[in-house]
Amino acid sequence: MLPYLLLGGLAILAVGLVVVYNGLVSKSQMADNGWSDIDVQLKRRANLIPQLVATVQGYAAHEKDLFVEITEKRAAAMAAGDDPASRGDAEAALSRPVARLMAVAEDYPDMKASQNFLDLQNELSDTETKIEMARRFYNGAVRELNTMVESFPANLFAGLFGFKARKYFEATVEERALPKAEFGGGA
């Protein structure tokens, strides 16, 4: 009788271990999928930026420092890798000069009326929305993975199988700040 109880207990433990492991794999795959979605949208934005810069350059050639800064920040963002913290910082650094580029465009009515510029502006806006949605999905998947990794009984086996908590893709302090509204006008 005792061997059957012991064998039954081991079978229940094995099934429980399989369920926990499969749950960890599932949550990890969701987080990987979420990160992949963010990466796709960030690459899409990075590909749109040179087209936008080229369009604005034709109208505002004297903004050379801004164009150089955008090029450097874009290269840094592309090279930031898959660490959410460093990638988030690099993308935030890129967002600042791109926002200034859009502000420069406001000074050129001919460019603002250009269909090419309007299309690029709409594409960039659409991409920013998709990045935000992908960020939310990723952070939700990371939350679920982290909860499972840190909850009993999965926490007993997570480290053993190489699963660990991941970092969220968070907004930087600059991104959380309220934007400054500057209205042109003579004084």
# chains A, B, ... in the order shown; residues from 1 in each chain; ligands from 1
>>> closest_atom_pairs(of="segment 128-150 of chain A", to="segment 21-38 of chain A", cutoff="6 Å", atoms="only C-alpha atoms", output="Markdown table")
| residue | atom | partner | partner_atom | distance |
| --- | --- | --- | --- | --- |
| A:Ile131 | CA | A:Ile38 | CA | 5.9 |
| A:Ala134 | CA | A:Ile38 | CA | 5.2 |
| A:Phe137 | CA | A:Gly34 | CA | 5.9 |
| A:Tyr138 | CA | A:Gly34 | CA | 4.1 |
| A:Ala141 | CA | A:Ala31 | CA | 4.9 |
| A:Val142 | CA | A:Ala31 | CA | 5.4 |
| A:Leu145 | CA | A:Lys27 | CA | 5.0 |
>>> residues_around(residues="segment 155-169 of chain A", least_positions_apart="5", cutoff="6 Å", atoms="only C-alpha atoms", output="ChimeraX atom specification")
/A:84,139,146,149-150
>>> atom_distance(atom1="atom CA of Leu6 of chain A", atom2="atom CA of Phe152 of chain A")
22.7 Å
>>> closest_residue(among="A:His62, A:Arg136, A:Arg143, A:Lys73", to="Ser95 of chain A", atoms="only C-alpha atoms")
A:Lys73
>>> closest_residue(among="A:Val56, A:Ile70, A:Ala85, A:Ala79", to="Gln121 of chain A", atoms="only C-alpha atoms")
A:Val56
>>> select_by_dssp(residues="segment 43-180 of chain A", states="helix (DSSP H, G or I)", output="ChimeraX atom specification")
/A:43-59,64-78,84-105,109-113,115-150,154-158,173-176
>>> closest_residue(among="A:Glu170, A:Gln51, A:Ala105, A:Gln57", to="Asp89 of chain A", atoms="only C-alpha atoms")
A:Glu170
>>> residues_around(residues="Leu124 of chain A", least_positions_apart="6", cutoff="9 Å", atoms="only C-alpha atoms", output="list in words")
Arg44, Arg45, Leu48, Ile49 and Leu52 of chain A
>>> closest_residue(among="A:Ala92, A:Val53, A:Leu120, A:Ala113", to="Asp65 of chain A", atoms="only C-alpha atoms")
A:Val53
>>> atom_distance(atom1="atom CA of Gly81 of chain A", atom2="atom CA of Asp126 of chain A")
23.3 Å
>>> decode(residues="segment 29-60 of chain A", atoms="C-alpha atoms", output="mmCIF file, in the first residue's frame")
data_model
loop_
_atom_site.group_PDB
_atom_site.id
_atom_site.type_symbol
_atom_site.label_atom_id
_atom_site.label_comp_id
_atom_site.auth_asym_id
_atom_site.auth_seq_id
_atom_site.Cartn_x
_atom_site.Cartn_y
_atom_site.Cartn_z
ATOM 1 C CA GLN A 29 6.735 32.884 -25.340
ATOM 2 C CA MET A 30 4.079 35.593 -24.889
ATOM 3 C CA ALA A 31 6.736 37.994 -23.596
ATOM 4 C CA ASP A 32 9.036 37.105 -26.526
ATOM 5 C CA ASN A 33 6.149 37.694 -28.934
ATOM 6 C CA GLY A 34 5.414 41.049 -27.313
ATOM 7 C CA TRP A 35 9.042 42.126 -27.575
ATOM 8 C CA SER A 36 9.106 41.077 -31.227
ATOM 9 C CA ASP A 37 6.041 43.265 -31.896
ATOM 10 C CA ILE A 38 7.755 46.256 -30.263
ATOM 11 C CA ASP A 39 10.911 45.602 -32.262
ATOM 12 C CA VAL A 40 8.995 45.459 -35.555
ATOM 13 C CA GLN A 41 7.284 48.780 -34.881
ATOM 14 C CA LEU A 42 10.489 50.465 -33.711
ATOM 15 C CA LYS A 43 12.220 49.324 -36.906
ATOM 16 C CA ARG A 44 9.277 50.629 -38.919
ATOM 17 C CA ARG A 45 9.645 54.010 -37.228
ATOM 18 C CA ALA A 46 13.402 53.968 -37.784
ATOM 19 C CA ASN A 47 12.804 53.347 -41.498
ATOM 20 C CA LEU A 48 10.311 56.218 -41.759
ATOM 21 C CA ILE A 49 12.570 58.760 -40.085
ATOM 22 C CA PRO A 50 15.147 59.085 -42.913
ATOM 23 C CA GLN A 51 12.315 59.713 -45.388
ATOM 24 C CA LEU A 52 10.863 62.369 -43.113
ATOM 25 C CA VAL A 53 14.286 63.976 -42.626
ATOM 26 C CA ALA A 54 14.876 64.026 -46.376
ATOM 27 C CA THR A 55 11.516 65.688 -46.955
ATOM 28 C CA VAL A 56 12.106 68.359 -44.315
ATOM 29 C CA GLN A 57 15.706 68.858 -45.455
ATOM 30 C CA GLY A 58 14.462 70.032 -48.809
ATOM 31 C CA TYR A 59 12.600 72.856 -47.117
ATOM 32 C CA ALA A 60 14.769 73.601 -44.097
#
